[in-house]
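Reproduced below: structure34.cif, with mmCIF, C-alpha atoms.
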data_upload
#
loop_
_atom_site.label_atom_id
_atom_site.label_comp_id
_atom_site.auth_asym_id
_atom_site.auth_seq_id
_atom_site.Cartn_x
_atom_site.Cartn_y
_atom_site.Cartn_z
CA MET A 311 -49.69 -29.95 -39.18
CA LYS A 312 -50.21 -33.35 -37.65
CA LYS A 313 -51.41 -34.28 -34.19
CA ASN A 314 -47.88 -35.16 -33.08
CA ASP A 315 -46.69 -31.68 -34.04
CA VAL A 316 -49.32 -30.07 -31.85
CA ILE A 317 -48.40 -32.32 -28.93
CA LEU A 318 -44.72 -31.42 -29.32
CA ILE A 319 -45.49 -27.71 -29.53
CA VAL A 320 -47.62 -27.85 -26.39
CA ILE A 321 -44.90 -29.76 -24.53
CA VAL A 322 -42.21 -27.27 -25.56
CA LEU A 323 -44.32 -24.27 -24.61
CA LEU A 324 -45.25 -25.83 -21.26
CA LEU A 325 -41.61 -26.65 -20.59
CA GLY A 326 -40.68 -23.05 -21.34
CA VAL A 327 -43.36 -21.58 -19.08
CA VAL A 328 -42.70 -24.00 -16.21
CA SER A 329 -38.93 -23.52 -16.29
CA TYR A 330 -39.44 -19.76 -16.44
CA GLY A 331 -41.63 -20.06 -13.37
CA ILE A 332 -39.02 -22.10 -11.53
CA ILE A 333 -36.22 -19.69 -12.38
CA ASN A 334 -38.33 -16.73 -11.33
CA PHE A 335 -39.25 -18.48 -8.11
CA MET A 336 -35.60 -19.05 -7.32
CA LYS A 337 -34.78 -15.37 -7.69
CA LYS A 338 -35.16 -13.90 -4.27
CA ASP A 339 -37.61 -11.05 -4.25
CA VAL A 340 -35.97 -9.15 -1.45
CA GLY A 341 -32.29 -9.49 -0.88
CA ASP A 342 -30.32 -7.30 1.42
CA ASP A 343 -27.06 -5.76 0.56
CA LEU A 344 -27.37 -5.83 -3.23
CA ARG A 345 -24.63 -4.96 -5.66
CA VAL A 346 -24.63 -4.17 -9.34
CA ILE A 347 -21.69 -5.80 -11.07
CA ILE A 348 -20.62 -4.72 -14.54
CA LYS A 349 -18.39 -7.11 -16.44
CA HIS A 350 -16.57 -7.10 -19.73
CA ARG A 351 -15.35 -10.47 -21.02
CA GLY A 352 -16.06 -11.90 -17.60
CA VAL A 353 -13.81 -9.38 -15.85
CA VAL A 354 -15.42 -7.05 -13.33
CA VAL A 355 -14.93 -3.47 -14.50
CA LYS A 356 -17.22 -1.71 -12.03
CA GLU A 357 -19.24 -2.46 -8.93
CA TYR A 358 -21.91 -0.35 -7.25
CA PRO A 359 -23.80 -0.98 -4.03
CA PHE A 360 -27.42 -1.01 -5.11
CA ASP A 361 -30.64 0.12 -3.45
CA ASP A 362 -33.61 2.31 -4.33
CA LEU A 363 -31.61 5.47 -3.85
CA THR A 364 -28.63 4.57 -6.02
CA ARG A 365 -28.26 6.97 -8.89
CA GLU A 366 -25.36 6.27 -11.19
CA THR A 367 -24.49 6.39 -14.86
CA TYR A 368 -21.60 4.31 -16.07
CA VAL A 369 -20.17 4.46 -19.57
CA LEU A 370 -17.99 1.62 -20.77
CA ASP A 371 -16.07 2.38 -23.92
CA VAL A 372 -13.78 -0.38 -25.17
CA GLU A 373 -12.25 0.47 -28.54
CA GLY A 374 -15.39 2.29 -29.62
CA GLU A 375 -17.76 -0.36 -28.28
CA ILE A 376 -19.97 1.69 -26.01
CA ASN A 377 -22.52 0.59 -23.41
CA VAL A 378 -24.19 3.05 -21.05
CA VAL A 379 -25.55 1.65 -17.78
CA GLN A 380 -28.20 3.65 -15.97
CA ILE A 381 -29.03 2.97 -12.32
CA GLU A 382 -31.93 4.84 -10.76
CA LYS A 383 -35.12 4.34 -8.73
CA GLY A 384 -34.14 0.78 -7.89
CA LEU A 385 -33.85 -0.20 -11.55
CA VAL A 386 -30.83 -1.02 -13.66
CA SER A 387 -30.99 -0.64 -17.42
CA LEU A 388 -28.84 -0.01 -20.45
CA SER A 389 -29.93 3.33 -21.78
CA GLU A 390 -27.62 3.34 -24.75
CA ALA A 391 -25.31 1.08 -26.70
CA ASN A 392 -23.84 0.99 -30.17
CA CYS A 393 -23.95 -2.77 -30.72
CA GLN A 394 -25.66 -4.12 -33.80
CA ASP A 395 -28.66 -5.87 -32.27
CA LEU A 396 -29.40 -3.60 -29.27
CA ILE A 397 -30.78 -6.61 -27.41
CA CYS A 398 -29.21 -5.24 -24.24
CA VAL A 399 -31.22 -2.01 -24.48
CA LYS A 400 -34.42 -3.84 -25.42
CA THR A 401 -34.06 -6.15 -22.42
CA GLY A 402 -35.38 -3.29 -20.32
CA SER A 403 -34.64 -2.88 -16.65
CA ILE A 404 -33.73 -5.37 -13.96
CA SER A 405 -34.11 -5.03 -10.22
CA LYS A 406 -33.78 -8.44 -8.54
CA PRO A 407 -30.71 -10.43 -7.58
CA GLY A 408 -29.96 -13.10 -10.17
CA GLU A 409 -31.17 -10.94 -13.04
CA ILE A 410 -28.82 -10.04 -15.85
CA ILE A 411 -28.58 -7.84 -18.91
CA VAL A 412 -26.35 -9.16 -21.66
CA CYS A 413 -24.76 -7.53 -24.68
CA LEU A 414 -23.33 -10.44 -26.64
CA PRO A 415 -21.68 -8.45 -29.45
CA HIS A 416 -19.69 -6.45 -26.90
CA LYS A 417 -19.22 -9.36 -24.45
CA PHE A 418 -20.68 -7.17 -21.79
CA THR A 419 -22.92 -8.04 -18.83
CA VAL A 420 -24.64 -6.24 -16.00
CA GLU A 421 -25.94 -8.32 -13.12
CA ILE A 422 -27.46 -7.83 -9.72
CA VAL A 423 -26.18 -10.02 -6.91
CA SER A 424 -26.91 -10.08 -3.23
CA ASN A 425 -23.78 -10.27 -1.11
CA GLU A 426 -25.00 -13.46 0.55
CA ASN A 427 -24.74 -15.56 -2.61
CA LEU A 428 -21.78 -13.69 -3.97
CA SER A 429 -19.26 -16.33 -2.98
CA GLU A 430 -21.48 -19.06 -4.43
CA ILE A 431 -21.72 -17.29 -7.79
CA ASP A 432 -17.96 -16.80 -7.89
CA ASP A 433 -17.52 -20.53 -7.44
CA ILE A 434 -19.76 -21.28 -10.39
CA VAL A 435 -18.04 -18.79 -12.65
CA GLU A 436 -14.65 -20.24 -11.90
CA MET B 20 -33.97 -41.65 -47.04
CA ARG B 21 -32.46 -42.28 -50.44
CA LYS B 22 -28.80 -42.82 -50.12
CA VAL B 23 -26.41 -42.56 -52.97
CA ASN B 24 -24.36 -45.70 -53.20
CA LYS B 25 -21.36 -44.81 -55.25
CA SER B 26 -18.66 -43.15 -53.20
CA ILE B 27 -18.06 -40.38 -55.70
CA ASP B 28 -21.29 -39.27 -57.20
CA THR B 29 -21.54 -36.04 -59.12
CA ARG B 30 -25.17 -35.42 -58.22
CA LYS B 31 -24.38 -35.78 -54.55
CA LEU B 32 -21.39 -33.51 -54.88
CA VAL B 33 -23.48 -30.87 -56.64
CA LEU B 34 -26.24 -31.14 -54.05
CA ILE B 35 -23.75 -30.66 -51.21
CA SER B 36 -22.19 -27.65 -52.91
CA VAL B 37 -25.52 -26.01 -53.70
CA LEU B 38 -26.72 -26.54 -50.14
CA VAL B 39 -23.53 -25.02 -48.74
CA ALA B 40 -23.94 -22.00 -51.01
CA GLN B 41 -27.60 -21.64 -50.07
CA GLY B 42 -26.75 -21.86 -46.39
CA MET B 43 -24.13 -19.13 -46.72
CA VAL B 44 -26.52 -16.81 -48.54
CA LEU B 45 -29.33 -17.48 -46.07
CA GLY B 46 -26.97 -16.76 -43.19
CA TYR B 47 -25.96 -13.51 -44.83
CA ILE B 48 -29.57 -12.49 -45.43
CA GLU B 49 -30.43 -13.28 -41.84
CA LYS B 50 -27.64 -11.02 -40.64
CA MET B 51 -29.13 -8.12 -42.59
CA LEU B 52 -32.64 -8.61 -41.24
CA PRO B 53 -33.58 -6.34 -38.36
CA ILE B 54 -33.68 -8.63 -35.34
CA PRO B 55 -37.06 -8.73 -33.64
CA PHE B 56 -35.91 -10.92 -30.76
CA ILE B 57 -35.18 -9.46 -27.36
CA VAL B 58 -33.38 -12.55 -26.05
CA PRO B 59 -29.67 -13.08 -26.55
CA GLY B 60 -28.96 -16.30 -28.45
CA ALA B 61 -32.31 -16.41 -30.24
CA LYS B 62 -32.08 -16.53 -34.00
CA LEU B 63 -34.39 -17.14 -36.90
CA GLY B 64 -32.01 -19.87 -38.01
CA LEU B 65 -32.61 -19.68 -41.75
CA ALA B 66 -29.58 -21.89 -42.30
CA ASN B 67 -31.49 -24.65 -40.55
CA ILE B 68 -33.63 -24.91 -43.71
CA VAL B 69 -30.54 -26.12 -45.52
CA THR B 70 -29.44 -28.41 -42.70
CA LEU B 71 -32.86 -30.04 -42.59
CA THR B 72 -32.90 -30.54 -46.35
CA ALA B 73 -29.42 -32.05 -46.21
CA VAL B 74 -30.36 -34.39 -43.39
CA TYR B 75 -33.43 -35.49 -45.32
CA PHE B 76 -31.68 -36.36 -48.57
CA LEU B 77 -28.14 -37.23 -47.56
CA ASN B 78 -26.48 -39.54 -45.07
CA PHE B 79 -25.01 -38.20 -41.86
CA ARG B 80 -21.48 -37.72 -43.16
CA ALA B 81 -22.63 -35.74 -46.16
CA SER B 82 -24.97 -33.55 -44.09
CA ALA B 83 -22.17 -32.96 -41.59
CA ALA B 84 -20.06 -31.84 -44.54
CA VAL B 85 -22.79 -29.40 -45.57
CA VAL B 86 -22.99 -27.88 -42.09
CA LEU B 87 -19.25 -27.74 -41.41
CA LEU B 88 -18.40 -26.31 -44.83
CA ARG B 89 -21.08 -23.65 -44.49
CA VAL B 90 -19.88 -22.62 -41.03
CA LEU B 91 -16.23 -22.60 -42.10
CA LEU B 92 -16.77 -20.70 -45.35
CA THR B 93 -19.06 -18.16 -43.69
CA ALA B 94 -16.41 -17.57 -41.05
CA VAL B 95 -13.62 -16.91 -43.55
CA THR B 96 -15.73 -14.74 -45.84
CA PHE B 97 -17.75 -12.53 -43.53
CA GLY B 98 -17.36 -13.70 -39.97
CA SER B 99 -15.44 -13.18 -36.79
CA ILE B 100 -14.11 -15.72 -34.34
CA SER B 101 -17.02 -15.38 -31.97
CA SER B 102 -19.63 -15.59 -34.74
CA PHE B 103 -17.81 -18.70 -35.97
CA LEU B 104 -18.09 -20.31 -32.55
CA TYR B 105 -21.79 -19.42 -32.31
CA SER B 106 -22.71 -20.87 -35.66
CA LEU B 107 -20.48 -23.91 -35.19
CA SER B 108 -22.06 -24.98 -31.91
CA GLY B 109 -25.57 -24.07 -33.05
CA GLY B 110 -25.13 -25.77 -36.41
CA VAL B 111 -23.56 -28.96 -35.11
CA LEU B 112 -26.04 -29.37 -32.26
CA SER B 113 -29.07 -28.90 -34.50
CA LEU B 114 -27.56 -31.20 -37.12
CA MET B 115 -27.11 -33.99 -34.60
CA ALA B 116 -30.56 -33.50 -33.11
CA MET B 117 -32.34 -33.42 -36.46
CA ALA B 118 -30.35 -36.29 -38.00
CA GLY B 119 -30.96 -38.44 -34.94
CA LEU B 120 -34.68 -37.71 -34.88
CA LEU B 121 -35.14 -38.35 -38.59
CA LYS B 122 -33.29 -41.62 -38.28
CA VAL B 123 -35.23 -42.93 -35.28
CA PHE B 124 -38.68 -41.40 -35.78
CA LYS B 125 -38.77 -41.17 -39.55
CA ASN B 126 -42.43 -42.15 -39.72
CA GLU B 127 -43.74 -40.75 -36.45
CA MET B 128 -42.42 -37.21 -36.68
CA SER B 129 -43.16 -34.65 -39.34
CA LEU B 130 -40.56 -32.25 -40.67
CA ILE B 131 -42.10 -29.48 -38.60
CA SER B 132 -41.52 -31.33 -35.31
CA VAL B 133 -37.98 -32.19 -36.33
CA SER B 134 -37.40 -28.58 -37.26
CA ILE B 135 -38.70 -27.29 -33.90
CA ILE B 136 -36.28 -29.58 -32.06
CA GLY B 137 -33.57 -28.38 -34.45
CA SER B 138 -34.35 -24.76 -33.61
CA ILE B 139 -34.24 -25.48 -29.90
CA SER B 140 -30.87 -27.19 -30.13
CA HIS B 141 -29.57 -24.41 -32.37
CA ASN B 142 -30.53 -21.81 -29.76
CA VAL B 143 -29.19 -23.89 -26.89
CA GLY B 144 -25.86 -24.33 -28.69
CA GLN B 145 -25.58 -20.59 -29.24
CA LEU B 146 -26.45 -19.84 -25.64
CA MET B 147 -23.82 -22.24 -24.33
CA VAL B 148 -21.15 -20.54 -26.41
CA ALA B 149 -22.43 -17.18 -25.20
CA ALA B 150 -22.06 -18.34 -21.60
CA LEU B 151 -18.47 -19.33 -22.37
CA ILE B 152 -17.62 -16.12 -24.20
CA ILE B 153 -18.96 -13.75 -21.56
CA HIS B 154 -17.91 -16.05 -18.68
CA ASN B 155 -21.31 -15.92 -17.07
CA VAL B 156 -23.64 -18.81 -16.34
CA LEU B 157 -26.50 -16.50 -15.40
CA ILE B 158 -27.23 -16.12 -19.10
CA LEU B 159 -28.60 -19.66 -19.04
CA THR B 160 -31.65 -18.24 -17.26
CA TYR B 161 -32.72 -17.19 -20.77
CA LEU B 162 -33.27 -20.83 -21.76
CA PRO B 163 -37.06 -20.80 -21.16
CA PHE B 164 -37.45 -17.86 -23.54
CA LEU B 165 -35.36 -19.64 -26.13
CA LEU B 166 -37.60 -22.71 -25.89
CA ILE B 167 -40.66 -20.59 -26.57
CA VAL B 168 -39.03 -18.59 -29.36
CA ALA B 169 -37.94 -21.84 -31.05
CA VAL B 170 -41.57 -22.83 -31.69
CA PRO B 171 -42.48 -20.18 -34.29
CA THR B 172 -39.02 -20.15 -35.87
CA GLY B 173 -39.01 -23.94 -35.99
CA ILE B 174 -42.44 -24.05 -37.65
CA PHE B 175 -41.33 -21.49 -40.22
CA VAL B 176 -38.10 -23.31 -41.01
CA GLY B 177 -39.95 -26.63 -41.19
CA LEU B 178 -42.51 -25.30 -43.64
CA VAL B 179 -39.88 -23.79 -45.92
CA ALA B 180 -37.75 -26.96 -45.81
CA LYS B 181 -40.83 -29.05 -46.61
CA ALA B 182 -41.57 -26.93 -49.68
CA LEU B 183 -37.94 -27.16 -50.78
CA ILE B 184 -37.83 -30.93 -50.28
CA GLN B 185 -41.09 -31.48 -52.18
CA TYR B 186 -39.79 -29.39 -55.05
CA LEU B 187 -36.46 -31.20 -55.16
CA GLU B 188 -38.23 -34.54 -55.19
CA LYS B 189 -40.42 -33.41 -58.09
CA THR B 190 -37.46 -32.31 -60.19
CA ASN B 191 -36.02 -35.83 -59.95
CA PHE B 192 -32.61 -34.33 -59.37
CA ILE B 193 -32.03 -36.60 -56.43
CA ARG B 194 -32.34 -40.27 -57.28
#
How does this structure look as structure tokens?
Amino acid sequence: MKKNDVILIVIVLLLGVVSYGIINFMKKDVGDDLRVIIKHRGVVVKEYPFDDLTRETYVLDVEGEINVVQIEKGLVSLSEANCQDLICVKTGSISKPGEIIVCLPHKFTVEIVSNENLSEIDDIVE
Amino acid sequence: MRKVNKSIDTRKLVLISVLVAQGMVLGYIEKMLPIPFIVPGAKLGLANIVTLTAVYFLNFRASAAVVLLRVLLTAVTFGSISSFLYSLSGGVLSLMAMAGLLKVFKNEMSLISVSIIGSISHNVGQLMVAALIIHNVLILTYLPFLLIVAVPTGIFVGLVAKALIQYLEKTNFIR
């Protein structure tokens, strides 16, 4: 490995860490009036108001493609899925607005939004 | 870069075909590997080995042929529409990035650096298609992770491609 390689690697890693920091900073720690939005192919299939007391289990089964969403103790996670890579389950739990769990093989997403930026997000999606 | 001058050259044709076949097999092997990544869009990108080799030996048109044929043939043999879109955007983006870099910084950049940039663009391409397919821009918040993941995968791909290129040069197959 040459010197230039090391420089490039350091730059890339720094860029990754810094941009992660910026994105994390932009996520609001406390948002009021949170909602969990479950989407399939970009279409909302289920919405729950979300706080520490929410306790829900939602099963989405589209032609045998199953994802199980678990909401409890202020955390949202996918407890089960039958996709090939299980990245969605391994993502773990999310709790802040702006966070998202994605299951690419099933085109399935779970996100947390605060009602204040809801209209803004809708604009971007459209 | 040694370019083949004659428009129809059997060696070149054979090299393109072998690289396409290798890329298909590598893609298939990668699909069977258990995926250690926890970030959507991140891939080992074994097929990038072939793209890098093609970019190194062939001109842009021929390397584009290698990438496009591999993506197309993989799609019709064992792919779906969405996997076709993923590998098309990832493959084309990394091809353009790596070909551009090798052309401009041939002497300043090693294959490993080129390969890291290739891995990054491969992941970015896949993530952009993912954002389109699931209609959600929030997935782009995974970009920082993809940058970091691209470093080890890029180094690995670069090392393998280097070994392959050195071997091919020794065999004198490519003149």
Dump as JSON lines the rows for residues of chain A within 7 Å of chain B: closest atom pair and distance in Å with one decimal, only C-alpha atoms counted, ordered by chain and rising residue number.
{"residue": "A:Asn314", "atom": "CA", "partner": "B:Met128", "partner_atom": "CA", "distance": 6.9}
{"residue": "A:Asp315", "atom": "CA", "partner": "B:Ser132", "partner_atom": "CA", "distance": 5.3}
{"residue": "A:Leu318", "atom": "CA", "partner": "B:Ser132", "partner_atom": "CA", "distance": 6.8}
{"residue": "A:Ile319", "atom": "CA", "partner": "B:Val170", "partner_atom": "CA", "distance": 6.6}
{"residue": "A:Val322", "atom": "CA", "partner": "B:Leu166", "partner_atom": "CA", "distance": 6.5}
{"residue": "A:Leu323", "atom": "CA", "partner": "B:Ile167", "partner_atom": "CA", "distance": 5.5}
{"residue": "A:Gly326", "atom": "CA", "partner": "B:Pro163", "partner_atom": "CA", "distance": 4.3}
{"residue": "A:Val327", "atom": "CA", "partner": "B:Pro163", "partner_atom": "CA", "distance": 6.7}
{"residue": "A:Ser329", "atom": "CA", "partner": "B:Pro163", "partner_atom": "CA", "distance": 5.9}
{"residue": "A:Tyr330", "atom": "CA", "partner": "B:Pro163", "partner_atom": "CA", "distance": 5.4}
{"residue": "A:Ile333", "atom": "CA", "partner": "B:Thr160", "partner_atom": "CA", "distance": 6.8}
{"residue": "A:Arg351", "atom": "CA", "partner": "B:Ile153", "partner_atom": "CA", "distance": 4.9}
{"residue": "A:Gly352", "atom": "CA", "partner": "B:His154", "partner_atom": "CA", "distance": 4.7}
{"residue": "A:Asp395", "atom": "CA", "partner": "B:Ile54", "partner_atom": "CA", "distance": 6.5}
{"residue": "A:Ile397", "atom": "CA", "partner": "B:Ile57", "partner_atom": "CA", "distance": 5.2}
{"residue": "A:Lys400", "atom": "CA", "partner": "B:Ile57", "partner_atom": "CA", "distance": 6.0}
{"residue": "A:Thr401", "atom": "CA", "partner": "B:Ile57", "partner_atom": "CA", "distance": 6.1}
{"residue": "A:Ile410", "atom": "CA", "partner": "B:Leu157", "partner_atom": "CA", "distance": 6.9}
{"residue": "A:Leu414", "atom": "CA", "partner": "B:Pro59", "partner_atom": "CA", "distance": 6.9}
{"residue": "A:Lys417", "atom": "CA", "partner": "B:Ile153", "partner_atom": "CA", "distance": 5.3}
{"residue": "A:Phe418", "atom": "CA", "partner": "B:Ile153", "partner_atom": "CA", "distance": 6.8}
{"residue": "A:Val435", "atom": "CA", "partner": "B:Asn155", "partner_atom": "CA", "distance": 6.2}
Please save C-alpha atoms of the selected residues as a PDB file, in the frame of the given file.
ATOM      1  CA  ASN A 314     -47.880 -35.160 -33.080  1.00  0.00           C
ATOM      2  CA  ASP A 315     -46.690 -31.680 -34.040  1.00  0.00           C
ATOM      3  CA  LEU A 318     -44.720 -31.420 -29.320  1.00  0.00           C
ATOM      4  CA  ILE A 319     -45.490 -27.710 -29.530  1.00  0.00           C
ATOM      5  CA  VAL A 322     -42.210 -27.270 -25.560  1.00  0.00           C
ATOM      6  CA  LEU A 323     -44.320 -24.270 -24.610  1.00  0.00           C
ATOM      7  CA  GLY A 326     -40.680 -23.050 -21.340  1.00  0.00           C
ATOM      8  CA  VAL A 327     -43.360 -21.580 -19.080  1.00  0.00           C
ATOM      9  CA  SER A 329     -38.930 -23.520 -16.290  1.00  0.00           C
ATOM     10  CA  TYR A 330     -39.440 -19.760 -16.440  1.00  0.00           C
ATOM     11  CA  ILE A 333     -36.220 -19.690 -12.380  1.00  0.00           C
ATOM     12  CA  ARG A 351     -15.350 -10.470 -21.020  1.00  0.00           C
ATOM     13  CA  GLY A 352     -16.060 -11.900 -17.600  1.00  0.00           C
ATOM     14  CA  ASP A 395     -28.660  -5.870 -32.270  1.00  0.00           C
ATOM     15  CA  ILE A 397     -30.780  -6.610 -27.410  1.00  0.00           C
ATOM     16  CA  LYS A 400     -34.420  -3.840 -25.420  1.00  0.00           C
ATOM     17  CA  THR A 401     -34.060  -6.150 -22.420  1.00  0.00           C
ATOM     18  CA  ILE A 410     -28.820 -10.040 -15.850  1.00  0.00           C
ATOM     19  CA  LEU A 414     -23.330 -10.440 -26.640  1.00  0.00           C
ATOM     20  CA  LYS A 417     -19.220  -9.360 -24.450  1.00  0.00           C
ATOM     21  CA  PHE A 418     -20.680  -7.170 -21.790  1.00  0.00           C
ATOM     22  CA  VAL A 435     -18.040 -18.790 -12.650  1.00  0.00           C
TER      23      VAL A 435
END
task: Name the residues captured by the PyMOL selection byres ((chain A and resi 387-393) around 7) when it is applied to the shown file; answer as a ChimeraX atom specification.
output: /A:375-381,385-386,394-396,398-399,402-404,415-416
Output C-alpha atoms of each residue in that selection to a file, as a PDB file, in the frame of the given file.
ATOM      1  CA  GLU A 375     -17.760  -0.360 -28.280  1.00  0.00           C
ATOM      2  CA  ILE A 376     -19.970   1.690 -26.010  1.00  0.00           C
ATOM      3  CA  ASN A 377     -22.520   0.590 -23.410  1.00  0.00           C
ATOM      4  CA  VAL A 378     -24.190   3.050 -21.050  1.00  0.00           C
ATOM      5  CA  VAL A 379     -25.550   1.650 -17.780  1.00  0.00           C
ATOM      6  CA  GLN A 380     -28.200   3.650 -15.970  1.00  0.00           C
ATOM      7  CA  ILE A 381     -29.030   2.970 -12.320  1.00  0.00           C
ATOM      8  CA  LEU A 385     -33.850  -0.200 -11.550  1.00  0.00           C
ATOM      9  CA  VAL A 386     -30.830  -1.020 -13.660  1.00  0.00           C
ATOM     10  CA  GLN A 394     -25.660  -4.120 -33.800  1.00  0.00           C
ATOM     11  CA  ASP A 395     -28.660  -5.870 -32.270  1.00  0.00           C
ATOM     12  CA  LEU A 396     -29.400  -3.600 -29.270  1.00  0.00           C
ATOM     13  CA  CYS A 398     -29.210  -5.240 -24.240  1.00  0.00           C
ATOM     14  CA  VAL A 399     -31.220  -2.010 -24.480  1.00  0.00           C
ATOM     15  CA  GLY A 402     -35.380  -3.290 -20.320  1.00  0.00           C
ATOM     16  CA  SER A 403     -34.640  -2.880 -16.650  1.00  0.00           C
ATOM     17  CA  ILE A 404     -33.730  -5.370 -13.960  1.00  0.00           C
ATOM     18  CA  PRO A 415     -21.680  -8.450 -29.450  1.00  0.00           C
ATOM     19  CA  HIS A 416     -19.690  -6.450 -26.900  1.00  0.00           C
TER      20      HIS A 416
END
- request: Tell me which protein, DNA and RNA residues are within 8 Å of A:Arg345, counting all atoms listed in the file, leaving out same-chain ones fewer than 2 positions away, and put them as a list in words.
  value: Asp343, Ile347, Glu357, Tyr358, Pro359, Phe360, Ile422, Val423, Ser424 and Asn425 of chain A
task: Quick one: residues within 12 Å of (-26.0, -26.3, -29.5) (file frame), counting only C-alpha atoms, please, as number ranges by chain.
output: B: 60-61, 104-117, 136-150, 162, 165
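Relative to atom CA of A:Val346, atom CA of A:Glu421 is found at 5.8 Å.
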- prompt: So what do you get for atom CA of B:Leu187 versus atom CA of B:Arg89, distance-wise?
  reply: 20.2 Å
task: Give me the result of the PyMOL selection byres ((chain B and resi 91) around 12) on this file, residue by residue, as a PyMOL selection string.
output: chain B and resi 39-40+42-43+83-90+92-100+102-108+110-111
query: Between atom CA of A:Glu409 and atom CA of A:Phe335, what is the distance, to one decimal in Å?
result: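 Separation between atom CA of A:Glu409 and atom CA of A:Phe335: 12.1 Å.
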- request: Apply the PyMOL selection byres ((chain B and resi 76) around 12) to the structure shown and report the selected residues as number ranges by chain.
  value: B: 20-23, 30-31, 34-35, 38, 69-75, 77-82, 85, 118, 121-122, 180-181, 183-185, 187-188, 192-194
